[in-house]
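Contents: one structure, followed by commentary.
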There are 2 protein chains.
Amino acid sequence: MRQPRIVLPPDEMPRQWYNLAADLPAAPPLGPDGKPVDPAALTAIFPESIVEQEVSPERWIDIPEEVLEILLRWRPTPLRRAFALERYLGTPARIYYKDESVSPAGSHKPNTAVPQAWYNKQAGVERLTTETGAGQWGSALSFACSQVGLGCKVYMVRISYEQKPFRKAMMEVWGGTCVPSPSPETAAGRAILEQDPDSPGSLGIAISEAVESAVADTTGTTKYSLGSVLNHVLLHQTVIGLEAKKQLALAGEGAPDVVIGCAGGGSNFAGLANPFIADRMAGGEIEILPVEPEACPTLTRAPYVYDHGDVAGMTPLLAMHSLGHTFVPPTIHAGGLRYHGMAPLVSAAVKEGLATPRAYGQLECYEAAVTFARTEGIICAPETSHAIAAAMDEAVRAKEEGREKVILFSFSGHGLLDLAGYEAFFAGELHNYPLPEEVLARSLAVLEGLPRP
Amino acid sequence: MRQPRIVLPPDEMPRQWYNLAADLPAAPPLGPDGKPVDPAALTAIFPESIVEQEVSPERWIDIPEEVLEILLRWRPTPLRRAFALERYLGTPARIYYKDESVSPAGSHKPNTAVPQAWYNKQAGVERLTTETGAGQWGSALSFACSQVGLGCKVYMVRISYEQKPFRKAMMEVWGGTCVPSPSPETAAGRAILEQDPDSPGSLGIAISEAVESAVADTTGTTKYSLGSVLNHVLLHQTVIGLEAKKQLALAGEGAPDVVIGCAGGGSNFAGLANPFIADRMAGGEIEILPVEPEACPTLTRAPYVYDHGDVAGMTPLLAMHSLGHTFVPPTIHAGGLRYHGMAPLVSAAVKEGLATPRAYGQLECYEAAVTFARTEGIICAPETSHAIAAAMDEAVRAKEEGREKVILFSFSGHGLLDLAGYEAFFAGELHNYPLPEEVLARSLAVLEGLPRP
């Protein structure tokens with residue numbers, strides 16, 4: 001009988017994370033003075049153990065036993081063979097997807113939420129603040145904080161907060177609190193609300209609020225946690241790709257021909273792709289595709305620059321592709337993947353030609369999502385649909401070329417909290433929104449005067 | 001390292017279902033003439049293969065290969081050890097739960113939806129009608145129909161339809177259609193609406209509508225599908241208990257001391273419990289607890305009688321515990337488990353003293369659900385919370401008695417589509433509703449004049 005699910009036994013779960021920064025050094029973060037940031041400065045918002053990982057030159061970093069024990073509740077995640085989708089497409093390609101939707105929060109995000117919460121707890125921290133866009137990250141951190149015994153405060157981008165009313169309830173079930181951002185609780189939020197009381201919010205704004213409220217606690221028992229972009233976050237996600245490699249071998253496959261992941265801040269993409277980028281740097285012929293929305297085309301249309309991670313300029317300058325830190329995605333855009341920047345490691349991989357970004361409109365993505373649900377049976381998050389659309393295109397290309405290609409993509413999360421987006425799609429309320437040239441130009445103007453990598 | 005998840009390899013998935021009816025013969029269904037129903041009469045709404053299973057005296061029935069291939073996408077499901085909950089309770093009991101929430105529809109329901117859809121497809125059927133209460137079953141059947149290529153029409157109890165707006169979208173993503181019941185589409189629905197235009201609906205009403213609309217298709221290409229109660233449905237669910245037995249052995253445990261499942265129509269409970277009821281009939285000392293809401297106390301307060309499965313009296317009379325086929329659960333009741341009757345096999349097991357029912361108020365259940373989410377990390381469906389509440393009580397009792405009891409319960413589904421119920425709980429809008437004596441008496445009056453088993 002054909003096996004639609006390749007199961008890796010729990011004792012085969014990776015015991016170490018892979019750090020791509022050891023093999024692909026990126027330009028360092030800069031402080032307000034334009035000089036590389038002293039890592040010690042980061043301890044205002046992160047515990048030392050996290051800062052060490054952020055700047056570590058080590059290729060392999062041990063996963064603590066207590067973190068493993070929590071991850072083992074759902075890891076290793078299944079690698080699935082998309083037999084039904086292949087049949088539907090009539091493709092000779094073999095399509096595999098790594099299913100990160102099986103975590104308690106329904107996405108890949110707990111892979112880093114758990115170690116971040118744990119390291120903070122070890123350091124004596126009592127509560128974490130964070131931001132969330134589509135809500136996957138805020139849910140994951142609330143879950144993780146409940147598991148190690150930390151408080152959790154989430155600033156959620158207002159447009160998503162309104163589109164996804166149950167994300168707040170989900171965080172509250174785990175004991176977290178969630179407020180729409182911009183909020184009147186912080187100076188950063190108040191500044192935005194003064195200019196625009198109806199601001200739909202952005203990740204850049206929500207990050208400013210979360211960082212401000214962590215720094216404002218002068219007892220040092222509140223720290224900040226970020227769900228993507230930074231090196232340590234990508235590091236924690238590499239269990240995805242490391243497991244997928246073992247599972248492809250179990251399925252009798254060699255290296256994949258194409259590796260695909262959706263990319264917002266970059267952690268889901270990098271989690272799957274970074275171990276394969278290492279193979280590619282070692283000479284492997286692997287196409288690696290980060291996929292983003294055409295409404296927020298960070299990798300495909302924005303320059304590689306130094307920019308802040310947040311709207312208020314509270315974070316160091318990061319070397320990355322960026323639409324400009326004041327960028328606010330159009331409200332018509334229903335999914336996540338709405339960050340103005342991109343992980344420095346992912347940006348570096350693209351700059352080095354190791355990964356080739358693509359952008360898709362949301363209509364193609366929802367169409368792919370519905371096809372996927374009706375073939376493979378799983379309802380995906382709007383973010384994940386970008387990877388599915390690209391994987392389907394690759395499978396159709398393989399059919400045209402008559403090639404038995406092996407396609408691997410990250411199924412980053414399920415869409416059970418995102419059904420309003422599907423309703424809007426069925427109702428014909430969604431349309432594509434390729435970012436207009438003039439909007440892009442205006443958005444990039446904020447980068448003027450900042451240093452270039 | 002401790003293993004929080006006991007994984008059964010895919011090739012250990014059961015190849016046969018266990019049929020408790022072979023060991024525990026129940027009183028036969030009766031037709032309108034008061035005589036046992038000729039199975040052939042059931043082919044008006046079910047294909048012959050399903051009718052054969054419904055009346056089969058065989059102890060073991062093969063699972064078709066093509067059904068197995070779909071089930072293998074998520075089965076065997078994990079058996080989880082509740083280390084975090086045990087620690088929180090300080091109990092010497094070892095608590096295990098069989099996690100059926102990992103299916104694409106998020107509950108145990110696809111275990112029978114898939115074979116039912118498949119057998120219908122084999123028989124040349126083109127579409128299925130059904131009812132759904134909390135929405136788990138309608139979602140599962142829509143999923144299953146999408147997998148084998150059938151149309152699917154779901155009549156959803158109106159109060160749930162309104163409380164859970166995204167269930168409809170979920171079914172539509174899989175290609176199904178969903179209407180609130182009572183609906184103006186059927187004679188049964190219109191009759192109810194005439195009496196009470198604001199009727200919140202009931203499963204009994206929705207079943208009448210679904211059966212009527214299947215029978216109304218004179219081409220014979222529309223059949224009806226039921227998500228619980230009947231023998232063949234319970235049969236399909238026994239993979240739960242059969243897998244759990246193997247997994248307990250893998251974990252080094254003998255037989256469990258207590259087996260717990262929530263019970264609405266009885267299929268989730270029976271899926272886990274029936275293989276253990278067989279062990280108990282063979283002399284094993286196992287406590288077996290079906291748990292129901294005190295707002296719909298079928299097993300704990302209703303008599304064992306002959307009653308119709310639906311409000312319009314279109315189904316045969318079934319020998320079961322029943323609150324009366326016109327019973328409508330109070331609108332304050334937020335969860336599922338709202339059926340007026342109970343599976344004849346479960347009713348027979350209770351009558352024979354093989355299972356000991358319990359009822360819980362919804363406040364205890366939501367409290368248990370929140371504790372569970374903050375310890376074990378998974379957000380449960382309101383139905384599932386009943387089993388959790390009972391398991392926690394048993395674990396506390398084990399602590400008081402100083403006994404190392406093994407407790408096993410069915411985690412029937414996740415609550416990601418039920419977060420409105422949690423919101424209402426946090427807002428203090430829920431209260432308990434032990435069914436008042438006079439309401440019960442009024443409801444039971446409909447049973448007068450019907451034969452007794």
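Going through the structure tokens in order, the chains are called A, B, and so on, while each chain numbers its residues from 1 and the ligands are numbered from 1 in the order shown.
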Can you list every residue of stretch 214-301 of chain B that has an atom at most 8 Å from stretch 423-439 of chain B, with its nearest atom pair and the distance in Å to one decimal, using only C-alpha atoms, ordered by chain then number, as JSON lines?
```
{"residue": "B:Glu294", "atom": "CA", "partner": "B:Pro434", "partner_atom": "CA", "distance": 5.1}
{"residue": "B:Ala295", "atom": "CA", "partner": "B:Leu435", "partner_atom": "CA", "distance": 5.2}
{"residue": "B:Cys296", "atom": "CA", "partner": "B:Leu435", "partner_atom": "CA", "distance": 7.1}
{"residue": "B:Pro297", "atom": "CA", "partner": "B:Leu435", "partner_atom": "CA", "distance": 7.6}
```
(message) Which residues are close to stretch 101-113 of chain A, i.e. within 9 Å by only C-alpha atoms, leaving aside same-chain residues fewer than 5 positions away? Reply as a ChimeraX atom specification.
(response) /A:71,73-75,77-78,118,136-145,170,225-228,232-240,267-268,271,380-381,411-416 /B:102,377-379
(message) Could you go through stretch 250-448 of chain B and tell me which residues DSSP, when run on the backbone, assigns to strand (DSSP E), listing them as a ChimeraX atom specification?
(response) /B:258-262,287-293,304-308,317-321,358-360,406-411
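From atom CA of A:Leu250 back to atom CA of A:Arg87, the distance works out to 22.1 Å.
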(message) Counting only C-alpha atoms, which residue out of B:Val370, B:Gly90, B:Leu8, B:Ala319 sits closest to B:Arg397?
(response) B:Gly90
(message) Give me, as a list in words, all polymer residues having an atom no more than 6 Å from A:Tyr224, counting only C-alpha atoms and skipping those fewer than 3 positions away in the same chain.
(response) Ile45, Leu128, Thr129, Thr130, Val211 and Ala214 of chain A
Produce a file of the selected residues containing C-alpha atoms, as an mmCIF file, in the first residue's frame.
```cif
data_model
loop_
_atom_site.group_PDB
_atom_site.id
_atom_site.type_symbol
_atom_site.label_atom_id
_atom_site.label_comp_id
_atom_site.auth_asym_id
_atom_site.auth_seq_id
_atom_site.Cartn_x
_atom_site.Cartn_y
_atom_site.Cartn_z
ATOM 1 C CA ILE A 45 15.206 43.109 25.209
ATOM 2 C CA LEU A 128 7.122 38.337 27.266
ATOM 3 C CA THR A 129 5.750 40.929 24.883
ATOM 4 C CA THR A 130 5.434 40.423 21.181
ATOM 5 C CA VAL A 211 9.595 46.506 22.214
ATOM 6 C CA ALA A 214 9.259 45.458 27.286
#
```
(request) Extract, using only C-alpha atoms, all DNA, RNA and protein residues at most 9 Å from B:Glu48, discarding same-chain residues fewer than 3 positions from it, and format them as a ChimeraX atom specification. (result) /B:39-40,42-43,51-53,119,123
Would you mind exporting N, CA, C and O atoms of the selected residues as a JSON list (two decimals), in the first residue's frame?
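Output contents, as saved in again.json:
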```
[["chain", "number", "residue", "atom", "x", "y", "z"],
["B", 39, "PRO", "N", -33.96, -5.53, 6.84],
["B", 39, "PRO", "CA", -32.80, -4.71, 6.43],
["B", 39, "PRO", "C", -32.97, -4.12, 5.03],
["B", 39, "PRO", "O", -32.49, -3.01, 4.77],
["B", 40, "ALA", "N", -33.66, -4.85, 4.15],
["B", 40, "ALA", "CA", -33.82, -4.34, 2.78],
["B", 40, "ALA", "C", -34.50, -2.97, 2.77],
["B", 40, "ALA", "O", -34.25, -2.15, 1.87],
["B", 42, "LEU", "N", -33.92, -0.59, 4.63],
["B", 42, "LEU", "CA", -32.94, 0.48, 4.89],
["B", 42, "LEU", "C", -32.20, 0.94, 3.63],
["B", 42, "LEU", "O", -31.55, 1.98, 3.63],
["B", 43, "THR", "N", -32.30, 0.13, 2.55],
["B", 43, "THR", "CA", -31.58, 0.51, 1.33],
["B", 43, "THR", "C", -32.20, 1.73, 0.65],
["B", 43, "THR", "O", -31.65, 2.24, -0.31],
["B", 51, "VAL", "N", -25.77, -1.35, 4.86],
["B", 51, "VAL", "CA", -26.85, -2.08, 5.55],
["B", 51, "VAL", "C", -26.31, -3.42, 6.06],
["B", 51, "VAL", "O", -26.59, -3.82, 7.20],
["B", 52, "GLU", "N", -25.51, -4.09, 5.24],
["B", 52, "GLU", "CA", -24.90, -5.36, 5.67],
["B", 52, "GLU", "C", -24.09, -5.18, 6.95],
["B", 52, "GLU", "O", -24.17, -5.99, 7.87],
["B", 53, "GLN", "N", -23.31, -4.12, 6.99],
["B", 53, "GLN", "CA", -22.51, -3.86, 8.20],
["B", 53, "GLN", "C", -23.42, -3.54, 9.38],
["B", 53, "GLN", "O", -23.16, -3.93, 10.51],
["B", 119, "TYR", "N", -18.09, 3.65, 0.44],
["B", 119, "TYR", "CA", -19.08, 2.61, 0.11],
["B", 119, "TYR", "C", -20.19, 3.19, -0.76],
["B", 119, "TYR", "O", -20.69, 2.53, -1.68],
["B", 123, "ALA", "N", -21.21, 2.22, -4.70],
["B", 123, "ALA", "CA", -22.58, 1.81, -5.04],
["B", 123, "ALA", "C", -23.21, 2.72, -6.09],
["B", 123, "ALA", "O", -24.40, 2.60, -6.40]]
```
(request) For A:Glu400, list every protein, DNA or RNA residue within 12 Å, evaluated using only C-alpha atoms, and leave out those in the same chain fewer than 4 positions away; present the list as a list in words. (result) Leu89, Gly90, Thr91, Pro92, Ala93, Asp393, Glu394, Ala395, Val396, Glu404 and Lys405 of chain A
Resulting file, chosen residues, all heavy atoms, as a short mmCIF file (atom, residue, chain, number, x, y, z; two decimals), in the first residue's frame:
```
data_model
loop_
_atom_site.label_atom_id
_atom_site.label_comp_id
_atom_site.auth_asym_id
_atom_site.auth_seq_id
_atom_site.Cartn_x
_atom_site.Cartn_y
_atom_site.Cartn_z
N LEU A 89 -3.25 16.79 -10.84
CA LEU A 89 -2.47 17.58 -11.80
C LEU A 89 -1.96 16.72 -12.96
O LEU A 89 -1.51 17.26 -13.97
CB LEU A 89 -1.28 18.24 -11.10
CG LEU A 89 -1.59 19.28 -10.03
CD1 LEU A 89 -0.31 19.69 -9.30
CD2 LEU A 89 -2.27 20.51 -10.65
N GLY A 90 -2.00 15.42 -12.82
CA GLY A 90 -1.47 14.53 -13.86
C GLY A 90 0.02 14.74 -14.07
O GLY A 90 0.52 14.68 -15.19
N THR A 91 0.73 14.99 -12.98
CA THR A 91 2.15 15.33 -13.10
C THR A 91 3.04 14.12 -12.81
O THR A 91 2.69 13.30 -11.95
CB THR A 91 2.51 16.47 -12.13
OG1 THR A 91 3.90 16.77 -12.25
CG2 THR A 91 2.23 16.08 -10.68
N PRO A 92 4.17 14.03 -13.50
CA PRO A 92 5.14 12.99 -13.14
C PRO A 92 5.96 13.40 -11.92
O PRO A 92 6.75 12.59 -11.41
CB PRO A 92 6.02 12.88 -14.38
CG PRO A 92 5.97 14.25 -15.00
CD PRO A 92 4.60 14.81 -14.67
N ALA A 93 5.80 14.64 -11.46
CA ALA A 93 6.56 15.10 -10.30
C ALA A 93 6.07 14.39 -9.05
O ALA A 93 4.91 14.01 -8.95
CB ALA A 93 6.41 16.61 -10.13
N ASP A 393 2.59 25.07 -9.70
CA ASP A 393 3.20 25.56 -10.94
C ASP A 393 4.42 24.72 -11.32
O ASP A 393 4.62 24.38 -12.49
CB ASP A 393 3.63 27.03 -10.78
CG ASP A 393 2.47 27.99 -11.03
OD1 ASP A 393 1.38 27.51 -11.39
OD2 ASP A 393 2.66 29.20 -10.83
N GLU A 394 5.23 24.38 -10.33
CA GLU A 394 6.42 23.56 -10.60
C GLU A 394 6.03 22.17 -11.08
O GLU A 394 6.69 21.59 -11.95
CB GLU A 394 7.28 23.46 -9.34
CG GLU A 394 8.04 24.73 -9.00
CD GLU A 394 9.01 25.12 -10.10
OE1 GLU A 394 9.85 24.28 -10.47
OE2 GLU A 394 8.91 26.26 -10.59
N ALA A 395 4.96 21.64 -10.50
CA ALA A 395 4.50 20.30 -10.89
C ALA A 395 3.95 20.30 -12.31
O ALA A 395 4.16 19.34 -13.07
CB ALA A 395 3.44 19.80 -9.91
N VAL A 396 3.26 21.38 -12.68
CA VAL A 396 2.74 21.50 -14.04
C VAL A 396 3.90 21.65 -15.02
O VAL A 396 3.92 21.06 -16.11
CB VAL A 396 1.76 22.68 -14.14
CG1 VAL A 396 1.43 23.00 -15.58
CG2 VAL A 396 0.49 22.38 -13.34
N GLU A 404 10.51 13.74 -13.94
CA GLU A 404 10.11 13.19 -12.64
C GLU A 404 10.73 13.98 -11.50
O GLU A 404 11.52 13.46 -10.73
CB GLU A 404 10.55 11.74 -12.51
CG GLU A 404 9.66 10.76 -13.21
CD GLU A 404 9.94 9.34 -12.75
OE1 GLU A 404 10.43 9.16 -11.61
OE2 GLU A 404 9.70 8.42 -13.54
N LYS A 405 10.40 15.22 -11.42
CA LYS A 405 11.01 16.10 -10.43
C LYS A 405 10.52 15.80 -9.01
O LYS A 405 9.36 15.43 -8.83
CB LYS A 405 10.62 17.54 -10.78
CG LYS A 405 11.72 18.49 -10.65
CD LYS A 405 11.60 19.80 -11.36
CE LYS A 405 10.27 20.36 -11.75
NZ LYS A 405 10.42 21.71 -12.33
#
```
(message) Can you pull out the residues contacting B:Leu248? Cut-off 10 Å, using only C-alpha atoms, and skip same-chain residues under 5 positions away; I want them as a list in words.
(response)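 That gives Ile6, Leu79, Arg80, Arg81, Tyr96, Glu243, Glu253, Gly254, Ala255, Pro256, Val406 and Leu408 of chain B.
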(request) List the neighbours of B:Ala251 out to 9 Å using only C-alpha atoms; skip same-chain residues closer than 4 positions along the sequence, and give me the result as an MDAnalysis selection string. (result) chainID B and resid 3 6 246:247
(request) Mind the document's chain letters and residue numbers, and return as a list of chain:residue names the residues of stretch 250-360 of chain A that DSSP labels alpha helix (DSSP H). (result) A:Leu250, A:Ser267, A:Asn268, A:Phe269, A:Ala270, A:Gly271, A:Leu272, A:Ala273, A:Asn274, A:Pro275, A:Phe276, A:Ile277, A:Ala278, A:Asp279, A:Arg280, A:Met281, A:Thr298, A:Leu299, A:Thr300, A:Arg301, A:Pro344, A:Leu345, A:Val346, A:Ser347, A:Ala348, A:Ala349, A:Val350, A:Lys351
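Taking atom CA of A:Thr221 as the reference point, atom CA of A:Gln147 is found at 17.9 Å.
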(request) Could you tell me how far atom CA of A:Gly252 lies from atom CA of A:Ala387, in Å and to one decimal? (result)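 Answer for the atom CA of A:Gly252 to atom CA of A:Ala387 separation: 23.5 Å.
Proximity of A:Lys223, A:Arg15, A:Arg338, A:Arg167 to A:Asn120, computed with only C-alpha atoms, is greatest for A:Lys223.
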